[in-house]
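Trainee: Handing over input-v5.tsv, TSV, C-alpha atoms and all ligand atoms.
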chain	number	residue	atom	x	y	z
A	1	MET	CA	36.23	-12.61	96.91
A	2	GLU	CA	37.97	-15.85	95.96
A	3	ARG	CA	37.99	-17.37	99.41
A	4	SER	CA	38.17	-16.19	103.00
A	5	TYR	CA	40.77	-17.44	105.44
A	6	GLU	CA	41.51	-17.11	109.10
A	7	VAL	CA	44.32	-15.05	110.54
A	8	CYS	CA	45.43	-16.33	113.98
A	9	LEU	CA	47.38	-13.71	115.92
A	10	ASP	CA	49.24	-14.62	119.11
A	11	GLU	CA	46.64	-17.24	119.95
A	12	GLY	CA	49.09	-19.44	121.82
A	13	GLY	CA	48.89	-23.20	121.40
A	14	SER	CA	50.90	-25.42	119.16
A	15	LEU	CA	51.03	-24.81	115.43
A	16	PRO	CA	51.36	-28.53	114.53
A	17	GLU	CA	48.27	-29.31	116.61
A	18	VAL	CA	46.30	-26.59	114.89
A	19	LEU	CA	47.47	-27.77	111.46
A	20	ARG	CA	46.74	-31.41	112.16
A	21	GLY	CA	43.28	-30.40	113.37
A	22	ARG	CA	42.54	-28.37	110.24
A	23	PHE	CA	44.17	-30.54	107.63
A	24	ASP	CA	43.38	-33.96	109.00
A	25	GLY	CA	45.27	-36.80	107.29
A	26	ARG	CA	47.07	-34.50	104.85
A	27	ARG	CA	50.80	-34.28	104.18
A	28	PHE	CA	52.88	-31.16	104.78
A	29	ALA	CA	55.95	-29.46	103.32
A	30	LEU	CA	57.64	-26.77	105.39
A	31	VAL	CA	59.54	-24.11	103.45
A	32	THR	CA	61.95	-21.81	105.29
A	33	ASN	CA	65.33	-20.18	104.71
A	34	SER	CA	68.85	-20.78	105.99
A	35	ALA	CA	68.81	-17.81	108.43
A	36	LEU	CA	65.62	-18.98	110.16
A	37	GLU	CA	66.89	-22.56	110.14
A	38	GLY	CA	69.95	-21.22	112.02
A	39	LEU	CA	67.84	-19.31	114.56
A	40	TYR	CA	64.89	-21.66	114.99
A	41	GLY	CA	66.35	-25.00	113.92
A	42	GLU	CA	65.08	-26.90	116.94
A	43	LEU	CA	61.59	-25.47	116.68
A	44	ILE	CA	61.46	-26.25	112.95
A	45	ALA	CA	62.73	-29.79	113.54
A	46	GLY	CA	60.03	-30.29	116.20
A	47	TRP	CA	57.28	-29.03	113.88
A	48	CYS	CA	58.50	-31.25	111.05
A	49	ARG	CA	58.56	-34.27	113.36
A	50	GLU	CA	55.05	-33.63	114.65
A	51	LEU	CA	53.67	-33.01	111.19
A	52	ASP	CA	55.83	-35.61	109.49
A	53	ALA	CA	56.61	-32.76	107.10
A	54	VAL	CA	59.11	-32.62	104.26
A	55	LYS	CA	61.52	-29.74	104.93
A	56	CYS	CA	62.80	-27.42	102.24
A	57	VAL	CA	65.42	-24.83	103.24
A	58	ILE	CA	66.13	-22.15	100.63
A	59	PRO	CA	69.07	-19.71	100.75
A	60	ASP	CA	68.47	-16.36	102.49
A	61	GLY	CA	68.04	-13.23	100.40
A	62	GLU	CA	65.89	-11.44	97.86
A	63	ARG	CA	68.12	-12.63	95.01
A	64	TYR	CA	67.00	-16.20	95.71
A	65	LYS	CA	63.35	-15.27	95.13
A	66	CYS	CA	63.78	-16.57	91.59
A	67	LEU	CA	62.63	-19.32	89.25
A	68	ASN	CA	65.57	-21.59	90.17
A	69	THR	CA	64.61	-21.63	93.85
A	70	TRP	CA	60.95	-22.06	92.93
A	71	LYS	CA	61.95	-25.12	90.86
A	72	ASP	CA	64.00	-26.49	93.79
A	73	ILE	CA	60.91	-26.28	96.01
A	74	LEU	CA	58.77	-28.06	93.42
A	75	ASP	CA	61.46	-30.73	92.98
A	76	THR	CA	61.41	-31.37	96.73
A	77	LEU	CA	57.60	-31.71	96.76
A	78	LEU	CA	57.63	-34.03	93.74
A	79	GLU	CA	60.51	-36.17	95.01
A	80	ALA	CA	58.63	-36.61	98.32
A	81	ARG	CA	55.65	-37.77	96.21
A	82	LEU	CA	53.31	-35.19	97.67
A	83	GLY	CA	49.93	-34.99	95.98
A	84	ARG	CA	47.14	-32.51	95.42
A	85	ASP	CA	46.09	-32.70	99.05
A	86	ALA	CA	49.50	-31.57	100.36
A	87	VAL	CA	49.80	-28.38	102.39
A	88	VAL	CA	52.79	-26.02	102.12
A	89	VAL	CA	53.78	-24.17	105.30
A	90	ALA	CA	55.82	-21.01	104.66
A	91	PHE	CA	57.91	-20.05	107.70
A	92	GLY	CA	59.80	-16.80	107.07
A	93	GLY	CA	59.63	-13.24	105.84
A	94	GLY	CA	58.14	-11.92	102.63
A	95	VAL	CA	60.68	-13.70	100.44
A	96	VAL	CA	59.88	-17.16	101.81
A	97	GLY	CA	56.13	-16.39	101.85
A	98	ASP	CA	56.09	-15.14	98.25
A	99	ILE	CA	58.09	-18.01	96.77
A	100	ALA	CA	56.50	-20.80	98.84
A	101	GLY	CA	53.09	-19.30	98.02
A	102	PHE	CA	53.92	-19.33	94.33
A	103	ALA	CA	55.13	-22.94	94.58
A	104	ALA	CA	51.80	-23.82	96.22
A	105	ALA	CA	49.89	-21.87	93.54
A	106	SER	CA	51.57	-23.80	90.74
A	107	PHE	CA	52.10	-27.29	92.21
A	108	MET	CA	49.50	-29.59	90.66
A	109	ARG	CA	47.53	-26.50	89.59
A	110	GLY	CA	47.30	-25.15	93.10
A	111	ILE	CA	47.42	-26.64	96.59
A	112	ASP	CA	46.75	-25.21	100.06
A	113	TYR	CA	49.38	-23.24	101.90
A	114	VAL	CA	49.76	-21.66	105.31
A	115	GLN	CA	51.68	-18.45	105.98
A	116	VAL	CA	53.72	-18.28	109.18
A	117	PRO	CA	55.30	-14.81	108.81
A	118	THR	CA	58.39	-13.94	110.84
A	119	THR	CA	59.09	-10.31	109.81
A	120	LEU	CA	56.91	-7.33	110.65
A	121	LEU	CA	56.48	-6.64	106.95
A	122	ALA	CA	55.31	-10.18	106.30
A	123	MET	CA	52.95	-10.11	109.31
A	124	VAL	CA	51.12	-6.97	108.23
A	125	ASP	CA	51.55	-7.05	104.49
A	126	SER	CA	52.91	-9.89	102.39
A	127	SER	CA	51.28	-12.83	104.23
A	128	VAL	CA	47.79	-11.45	103.67
A	129	GLY	CA	46.28	-10.56	100.33
A	130	GLY	CA	47.16	-13.63	98.27
A	131	LYS	CA	49.89	-12.17	96.08
A	132	THR	CA	52.64	-14.70	95.37
A	133	ALA	CA	55.60	-14.19	93.06
A	134	VAL	CA	59.21	-14.61	92.09
A	135	ASN	CA	61.53	-12.05	90.53
A	136	HIS	CA	62.93	-12.15	86.99
A	137	PRO	CA	66.21	-10.58	85.87
A	138	LEU	CA	64.05	-7.97	84.10
A	139	GLY	CA	62.16	-6.94	87.23
A	140	LYS	CA	60.72	-7.73	90.63
A	141	ASN	CA	57.66	-9.93	91.12
A	142	LEU	CA	57.12	-10.29	87.38
A	143	ILE	CA	56.12	-13.96	87.58
A	144	GLY	CA	53.45	-14.97	90.04
A	145	ALA	CA	49.84	-15.70	90.83
A	146	PHE	CA	47.01	-14.61	93.07
A	147	HIS	CA	46.58	-17.51	95.49
A	148	GLN	CA	45.05	-17.01	98.93
A	149	PRO	CA	46.55	-18.87	101.90
A	150	ALA	CA	44.34	-21.36	103.75
A	151	LEU	CA	45.50	-19.90	107.08
A	152	VAL	CA	47.82	-17.19	108.38
A	153	TRP	CA	49.47	-17.95	111.73
A	154	ILE	CA	51.20	-14.96	113.34
A	155	GLU	CA	53.35	-15.13	116.49
A	156	THR	CA	54.89	-11.79	117.44
A	157	ARG	CA	57.55	-13.59	119.53
A	158	PHE	CA	59.47	-14.18	116.29
A	159	LEU	CA	60.05	-10.42	116.02
A	160	SER	CA	62.46	-10.58	118.99
A	161	THR	CA	65.22	-11.91	116.70
A	162	LEU	CA	64.46	-9.68	113.71
A	163	PRO	CA	67.33	-7.21	113.05
A	164	ASP	CA	66.31	-3.61	113.89
A	165	ARG	CA	66.77	-2.39	110.36
A	166	HIS	CA	64.20	-4.90	109.07
A	167	PHE	CA	61.89	-4.17	111.99
A	168	PHE	CA	61.85	-0.40	111.32
A	169	SER	CA	61.53	-0.99	107.61
A	170	GLY	CA	58.49	-3.24	108.17
A	171	TYR	CA	57.02	-0.62	110.48
A	172	ALA	CA	56.45	1.57	107.41
A	173	GLU	CA	53.59	-0.72	106.39
A	174	VAL	CA	52.04	-0.32	109.85
A	175	PHE	CA	52.49	3.45	109.92
A	176	LYS	CA	50.99	3.69	106.44
A	177	ASN	CA	47.65	2.65	107.92
A	178	ALA	CA	47.51	5.95	109.80
A	179	PHE	CA	46.83	7.47	106.39
A	180	ILE	CA	44.38	4.94	104.95
A	181	GLY	CA	42.94	2.97	107.86
A	182	GLY	CA	40.41	5.47	109.19
A	183	GLU	CA	40.38	8.04	111.99
A	184	GLU	CA	40.72	5.45	114.75
A	185	MET	CA	43.86	3.95	113.24
A	186	PHE	CA	45.30	7.45	112.80
A	187	SER	CA	44.81	8.09	116.54
A	188	PHE	CA	46.11	4.64	117.46
A	189	ILE	CA	49.41	5.19	115.60
A	190	ASP	CA	49.68	8.73	116.93
A	191	ARG	CA	49.27	7.47	120.51
A	192	HIS	CA	51.32	4.27	120.31
A	193	HIS	CA	54.16	5.14	117.97
A	194	GLU	CA	56.77	5.16	120.77
A	195	ASP	CA	55.53	1.82	122.23
A	196	LEU	CA	55.67	0.28	118.78
A	197	MET	CA	59.17	1.57	118.13
A	198	ALA	CA	60.20	0.10	121.49
A	199	LYS	CA	58.76	-3.26	120.26
A	200	ASP	CA	56.19	-3.47	123.06
A	201	ARG	CA	54.57	-6.88	122.41
A	202	ALA	CA	51.02	-5.89	123.36
A	203	ALA	CA	51.10	-2.73	121.22
A	204	LEU	CA	52.64	-4.66	118.33
A	205	SER	CA	50.04	-7.38	118.52
A	206	GLU	CA	47.26	-4.80	118.41
A	207	ALA	CA	48.90	-2.84	115.59
A	208	ILE	CA	49.35	-6.01	113.54
A	209	GLY	CA	45.73	-7.06	114.13
A	210	ARG	CA	44.46	-3.66	113.08
A	211	SER	CA	46.77	-3.52	110.06
A	212	VAL	CA	45.73	-6.97	108.86
A	213	ALA	CA	42.05	-6.08	109.25
A	214	ILE	CA	42.53	-2.87	107.26
A	215	LYS	CA	44.38	-4.67	104.48
A	216	ALA	CA	41.84	-7.52	104.43
A	217	ALA	CA	38.93	-5.07	104.17
A	218	ILE	CA	40.52	-3.23	101.25
A	219	VAL	CA	41.64	-6.40	99.47
A	220	SER	CA	38.30	-8.18	99.83
A	221	GLU	CA	36.69	-5.22	98.11
A	222	ASP	CA	39.19	-5.32	95.29
A	223	GLU	CA	41.11	-8.57	95.10
A	224	ARG	CA	42.68	-8.04	91.70
A	225	GLU	CA	43.80	-4.48	92.12
A	226	SER	CA	41.53	-2.44	89.91
A	227	GLY	CA	40.44	0.35	92.21
A	228	THR	CA	40.48	0.82	95.97
A	229	ARG	CA	43.42	-1.55	96.48
A	230	ALA	CA	45.51	1.34	95.17
A	231	LEU	CA	45.09	2.88	98.64
A	232	LEU	CA	47.46	0.23	100.01
A	233	ASN	CA	50.08	1.85	97.82
A	234	PHE	CA	50.11	5.00	99.93
A	235	GLY	CA	53.66	6.41	99.69
A	236	HIS	CA	54.64	3.63	97.29
A	237	THR	CA	54.88	5.56	94.00
A	238	PHE	CA	57.63	7.67	95.59
A	239	ALA	CA	59.09	4.60	97.31
A	240	HIS	CA	59.29	2.55	94.11
A	241	ALA	CA	60.98	5.52	92.42
A	242	LEU	CA	63.60	5.66	95.19
A	243	GLU	CA	64.21	1.90	94.99
A	244	HIS	CA	64.57	2.16	91.21
A	245	TYR	CA	66.80	5.24	91.57
A	246	TYR	CA	69.24	3.31	93.76
A	247	ASN	CA	68.86	0.16	91.68
A	248	TYR	CA	67.50	-1.65	94.78
A	249	VAL	CA	70.90	-1.38	96.48
A	250	GLY	CA	71.37	0.21	99.92
A	251	VAL	CA	67.69	0.92	100.58
A	252	LEU	CA	65.08	-1.50	101.94
A	253	HIS	CA	61.53	-1.31	100.65
A	254	GLY	CA	60.10	-0.04	103.94
A	255	GLU	CA	62.84	2.57	104.24
A	256	ALA	CA	61.81	3.90	100.86
A	257	VAL	CA	58.16	3.81	101.98
A	258	HIS	CA	59.01	5.97	105.03
A	259	TRP	CA	60.34	8.62	102.65
A	260	GLY	CA	57.43	8.03	100.28
A	261	MET	CA	54.93	8.75	103.04
A	262	ALA	CA	56.77	11.97	103.92
A	263	CYS	CA	56.61	12.97	100.23
A	264	ALA	CA	52.88	12.22	99.97
A	265	LEU	CA	52.20	14.27	103.09
A	266	ASP	CA	54.28	17.21	101.89
A	267	LEU	CA	52.62	17.15	98.47
A	268	ALA	CA	49.13	17.05	100.00
A	269	ARG	CA	49.97	20.10	102.13
A	270	ARG	CA	51.47	21.88	99.14
A	271	GLN	CA	48.38	21.16	97.03
A	272	ALA	CA	46.08	22.18	99.90
A	273	ILE	CA	44.47	18.72	99.77
A	274	ILE	CA	44.66	18.62	103.58
A	275	PRO	CA	42.15	21.14	104.93
A	276	PRO	CA	43.60	23.67	107.45
A	277	ALA	CA	41.40	22.13	110.19
A	278	HIS	CA	43.54	18.97	110.05
A	279	THR	CA	46.95	20.56	109.59
A	280	GLN	CA	47.98	20.41	113.25
A	281	ARG	CA	47.16	16.73	113.60
A	282	PHE	CA	49.10	15.93	110.46
A	283	GLU	CA	52.05	17.98	111.69
A	284	ALA	CA	52.14	15.95	114.90
A	285	LEU	CA	52.04	12.73	112.91
A	286	SER	CA	54.63	13.89	110.44
A	287	ALA	CA	57.09	14.52	113.30
A	288	LYS	CA	56.92	10.78	114.00
A	289	LEU	CA	57.75	9.69	110.46
A	290	LEU	CA	61.14	8.01	110.22
A	291	LYS	CA	63.61	9.33	107.69
A	292	PRO	CA	66.11	6.51	107.13
A	293	VAL	CA	69.55	7.33	105.76
A	294	LEU	CA	69.70	6.99	101.97
A	295	PRO	CA	72.80	5.91	100.02
A	296	SER	CA	73.13	9.44	98.58
A	297	ARG	CA	71.06	12.59	98.09
A	298	PRO	CA	68.67	11.87	95.21
A	299	GLU	CA	68.56	14.38	92.38
A	300	PRO	CA	64.90	15.60	92.21
A	301	GLU	CA	64.49	15.67	88.41
A	302	ARG	CA	65.98	12.20	87.99
A	303	LEU	CA	63.91	10.87	90.88
A	304	TYR	CA	60.80	12.34	89.25
A	305	GLU	CA	61.66	10.49	86.03
A	306	SER	CA	62.03	7.28	88.06
A	307	MET	CA	58.43	7.66	89.23
A	308	PHE	CA	57.29	6.74	85.71
A	309	THR	CA	58.91	3.29	85.94
A	310	ASP	CA	56.31	2.23	88.53
A	311	LYS	CA	54.08	-0.70	87.48
A	312	LYS	CA	51.04	1.31	88.52
A	313	VAL	CA	51.64	4.15	86.02
A	314	ARG	CA	48.65	4.20	83.69
A	315	ARG	CA	48.93	5.57	80.16
A	316	GLY	CA	51.87	7.74	81.22
A	317	ALA	CA	49.92	9.39	84.08
A	318	LEU	CA	51.09	9.22	87.69
A	319	ARG	CA	48.60	7.88	90.21
A	320	LEU	CA	49.27	9.25	93.68
A	321	ILE	CA	47.55	8.47	96.94
A	322	LEU	CA	47.39	11.62	99.03
A	323	PRO	CA	46.04	12.22	102.55
A	324	THR	CA	42.87	14.28	102.84
A	325	ALA	CA	41.83	13.81	106.49
A	326	PRO	CA	43.10	11.79	109.50
A	327	GLY	CA	43.06	8.15	108.35
A	328	VAL	CA	41.64	8.97	104.94
A	329	SER	CA	43.43	9.29	101.61
A	330	ALA	CA	42.30	9.79	98.03
A	331	ILE	CA	43.53	8.56	94.68
A	332	CYS	CA	44.81	11.54	92.66
A	333	ASP	CA	45.56	11.22	88.95
A	334	ASP	CA	46.04	14.87	88.12
A	335	VAL	CA	49.04	16.23	90.03
A	336	GLY	CA	51.44	18.02	87.70
A	337	LYS	CA	55.22	17.80	87.57
A	338	GLU	CA	55.98	21.15	89.23
A	339	PRO	CA	54.57	20.47	92.74
A	340	ILE	CA	56.01	16.97	92.76
A	341	VAL	CA	59.52	18.19	91.92
A	342	ALA	CA	59.10	20.97	94.52
A	343	THR	CA	58.29	18.33	97.16
A	344	LEU	CA	61.26	16.19	96.13
A	345	SER	CA	63.58	19.22	96.16
A	346	ASP	CA	62.43	20.28	99.64
A	347	LEU	CA	62.51	16.85	101.23
A	348	PHE	CA	65.82	15.75	99.79
A	349	ALA	CA	67.57	19.11	100.08
A	350	GLY	CA	71.18	18.99	101.32
B	401	LIG	N1	53.05	-10.64	98.54
B	401	LIG	C1	52.90	-9.38	98.88
B	401	LIG	O1	51.79	-8.85	98.93
B	401	LIG	C2	54.11	-8.60	99.27
B	401	LIG	C3	53.97	-7.35	99.89
B	401	LIG	C4	55.12	-6.67	100.29
B	401	LIG	C5	56.38	-7.23	100.06
B	401	LIG	N2	56.47	-8.45	99.45
B	401	LIG	C6	57.78	-9.08	99.22
B	401	LIG	O2	58.34	-9.35	100.50
B	401	LIG	C7	59.77	-9.40	100.36
B	401	LIG	C8	60.39	-8.65	101.52
B	401	LIG	O3	59.99	-9.27	102.71
B	401	LIG	P1	60.76	-9.04	104.09
B	401	LIG	O4	60.94	-7.60	104.30
B	401	LIG	O5	60.06	-9.85	105.08
B	401	LIG	O6	62.21	-9.58	103.75
B	401	LIG	P2	62.92	-11.01	103.92
B	401	LIG	O7	61.96	-12.10	103.77
B	401	LIG	O8	64.10	-10.99	103.02
B	401	LIG	O9	63.40	-10.94	105.44
B	401	LIG	C9	64.35	-9.97	105.82
B	401	LIG	C10	65.56	-10.60	106.52
B	401	LIG	O10	65.19	-10.97	107.84
B	401	LIG	C11	65.47	-12.35	108.06
B	401	LIG	N3	64.46	-12.82	109.01
B	401	LIG	C12	63.16	-13.09	108.77
B	401	LIG	N4	62.50	-13.32	109.90
B	401	LIG	C13	63.41	-13.22	110.90
B	401	LIG	C14	63.33	-13.34	112.31
B	401	LIG	N5	62.18	-13.57	112.94
B	401	LIG	N6	64.46	-13.19	113.03
B	401	LIG	C15	65.65	-12.90	112.40
B	401	LIG	N7	65.77	-12.75	111.08
B	401	LIG	C16	64.66	-12.91	110.33
B	401	LIG	C17	65.41	-12.98	106.70
B	401	LIG	O11	66.15	-14.18	106.66
B	401	LIG	C18	66.05	-11.86	105.86
B	401	LIG	O12	67.46	-11.92	105.94
B	401	LIG	C19	60.10	-8.82	99.00
B	401	LIG	O13	60.46	-9.87	98.14
B	401	LIG	C20	58.78	-8.19	98.54
B	401	LIG	O14	58.64	-8.21	97.14
B	401	LIG	C21	55.38	-9.13	99.06
Can I see the file as structure tokens?
Ligand SMILES: NC(=O)c1ccc[n+]([C@@H]2O[C@H](COP(=O)([O-])OP(=O)(O)OC[C@H]3O[C@@H](n4cnc5c(N)ncnc54)[C@H](O)[C@@H]3O)[C@@H](O)[C@H]2O)c1
Mentor:
Amino acid sequence: MERSYEVCLDEGGSLPEVLRGRFDGRRFALVTNSALEGLYGELIAGWCRELDAVKCVIPDGERYKCLNTWKDILDTLLEARLGRDAVVVAFGGGVVGDIAGFAAASFMRGIDYVQVPTTLLAMVDSSVGGKTAVNHPLGKNLIGAFHQPALVWIETRFLSTLPDRHFFSGYAEVFKNAFIGGEEMFSFIDRHHEDLMAKDRAALSEAIGRSVAIKAAIVSEDERESGTRALLNFGHTFAHALEHYYNYVGVLHGEAVHWGMACALDLARRQAIIPPAHTQRFEALSAKLLKPVLPSRPEPERLYESMFTDKKVRRGALRLILPTAPGVSAICDDVGKEPIVATLSDLFAG
């Protein structure tokens, strides 16, 4: 493992105090976006004052996760004459975290950064794991680096302003852990799904803590994605195909993952990968899976073709992660076209 870092979850206390304590005498740059600046302007201004931080506000939206915005961030750091000991603080969702992380990874060959995630997706997924990137016109996340944060600071209070659609989309990455995070996580999601959907703070805090621990355990085993990290992609081969199918318009990543998880579950049942002893428990869980509205009904054969555009396709073979027992999934490289198309036809029928 490259380096370990602390994840602080709803610890209370003041972020500037914690940062000044950890990075004594160092200079800070706070990166956020225009939407968060609108919602939390006073808080951000207070943090910047206390940290004497340079502020960099980028426009809101995935399309700004690009090299131009990355350059703007670096320009701001250079113009403020920050040095190798500077610390970047990323306050925002996955877009801000990814681009600010990549700026930190590349500024003066790599400086420290702190993730302060404000979306559910960023809290459980993008802020941990050390993947930073920007998009290129030829594809998403094509330019980036592995660079671990020095600290992740999570406050679930920020979720109170997150639009529902983004909340439910981010919940896919929590729910996913019911399939890969062990028997206890399976039961936890099964028991607390309704509380989580109702945004109960205590349940959310626990779900985030468990999700982060599961991701950290998998990533620390396999930081550069050769083997077990593939488990984190549960439901994602189908999801990436859906996103590609709709050209990334009208469907959020987590929405596609909700459908992807339903596909993986259906395929595992169809292939008898789930033993009959577990069928009932999986049926109960499956009833809780969200099925967000898609822009149109996908055509199964075309959607199947889209599955081969996934970055994780190896030598033309699909790699699927399929559930085998409560909380446990396996990497399957040998599922043929017929059952996959049958799953797609059934799930996306009429
Ligand atoms: N690095 C990784 O490992 C990793 C993993 C998964 C996804 N990602 C990346 O994450 C990005 C998606 O992240 P996201 O889903 O957080 O999207 P996002 O960052 O675009 O945030 C979604 C929307 O919510 C707004 N927002 C954020 N926090 C808010 C809050 N507390 N209150 C109100 N509004 C708020 C944002 O301004 C934005 O409009 C993608 O670029 C994806 O590639 C990275």
Trainee: Measuring between only C-alpha atoms and all ligand atoms, which one of A:Ile143, A:Ala122, A:Ala317, A:Leu30 shows the shortest distance to ligand LIG 401 (chain B)?
Mentor: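 Among the listed residues, A:Ala122 lies closest to ligand LIG 401 (chain B).
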Trainee: Grab the CA of Ala103 (chain A) to CA of Val89 (chain A) distance for me, in Å with one decimal place.
Mentor: 10.9 Å
Trainee: Please give me, as number ranges by chain, the residues lying within 9 Å of ligand LIG 401 (chain B) when counting all atoms listed in the file.
Mentor: A: 32-36, 39-40, 59-63, 65, 91-99, 101, 117-135, 140-141, 156-163, 166-167, 169-170, 173, 252-254
Trainee: Using 10 Å as the limit and counting all atoms listed in the file, can you tabulate each residue of region 255-313 of chain A that touches region 192-204 of chain A, with its shortest atom-to-atom distance in Å and the two atoms involved, as CSV?
Mentor:
residue,atom,partner,partner_atom,distance
A:Leu285,CA,A:His193,CA,9.4
A:Lys288,CA,A:His193,CA,7.4
A:Leu289,CA,A:His193,CA,9.5
Trainee: Would you please work out which residue, of A:Glu221, A:His147, A:Ile44, A:Ala216, is nearest to Gly181 (chain A) when using only C-alpha atoms?
Mentor: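 Among the listed residues, A:Ala216 lies closest to Gly181 (chain A).
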Trainee: Can you work out which one of A:Ala104, A:Ala264, A:Ser345, A:Ser4 has the shortest atom-to-atom distance to Arg297 (chain A), counting all atoms listed in the file?
Mentor: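 Closest residue, counting all atoms listed in the file: A:Ser345.
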Trainee: So how far away is CA of Ser306 (chain A) from CA of Ile274 (chain A), in Å?
Mentor: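 A separation of 25.9 Å between them.
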Trainee: Report the distance between CA of Pro298 (chain A) and CA of Tyr245 (chain A) in Å, rounded to one decimal place.
Mentor: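 One can read the CA of Pro298 (chain A) to CA of Tyr245 (chain A) distance as 7.8 Å.
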Trainee: Find the axis-aligned box for region 315-330 of chain A, covering all its listed atoms and adding 8 Å on each side, and write its centre and edge lengths in Å to one decimal as AutoDock Vina command-line options.
Mentor:
--center_x 46.8 --center_y 9.9 --center_z 94.8 --size_x 26.2 --size_y 24.7 --size_z 45.3
Trainee: Of the candidates A:Val31, A:Leu344, A:Leu320, A:Ala325, which shows the shortest atom-to-atom distance to Ala277 (chain A), using all atoms listed in the file?
Mentor: A:Ala325
Trainee: Could you tell me which of A:Gly25, A:Pro137, A:Pro323, A:Pro292 comes closest to Arg269 (chain A) if we count all atoms listed in the file?
Mentor: A:Pro323
Trainee: Using all atoms listed in the file, which residues sit within 12 Å of Ala268 (chain A) once same-chain residues fewer than 6 positions away are excluded, as number ranges by chain?
Mentor: A: 179, 235, 261-262, 274-276, 278-279, 282, 320-325, 329-332, 335, 339-340, 343
Trainee: For Tyr113 (chain A), find every residue with an atom within 6 Å (counting only C-alpha atoms), except residues of its own chain fewer than 6 positions away, and show them as a PyMOL selection string.
Mentor: chain A and resi 87-89+149-150
Trainee: Determine the nearest neighbour of Arg109 (chain A) from the options A:Ala80, A:Ala145, A:Ala172, A:Leu290, counting all atoms listed in the file.
Mentor: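 Under the stated criterion, the closest residue is A:Ala145.
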Trainee: Can you list, as a PDB file with C-alpha atoms, in the frame of the given file, every protein, DNA or RNA residue that comes within 8 Å of Glu183 (chain A) when you count only C-alpha atoms, leaving out same-chain residues fewer than 4 positions away?
Mentor:
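The result, written out as part25.pdb:
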ATOM      1  CA  ALA A 178      47.510   5.950 109.800  1.00  0.00           C
ATOM      2  CA  SER A 187      44.810   8.090 116.540  1.00  0.00           C
ATOM      3  CA  PRO A 326      43.100  11.790 109.500  1.00  0.00           C
ATOM      4  CA  GLY A 327      43.060   8.150 108.350  1.00  0.00           C
ATOM      5  CA  VAL A 328      41.640   8.970 104.940  1.00  0.00           C
TER       6      VAL A 328
END
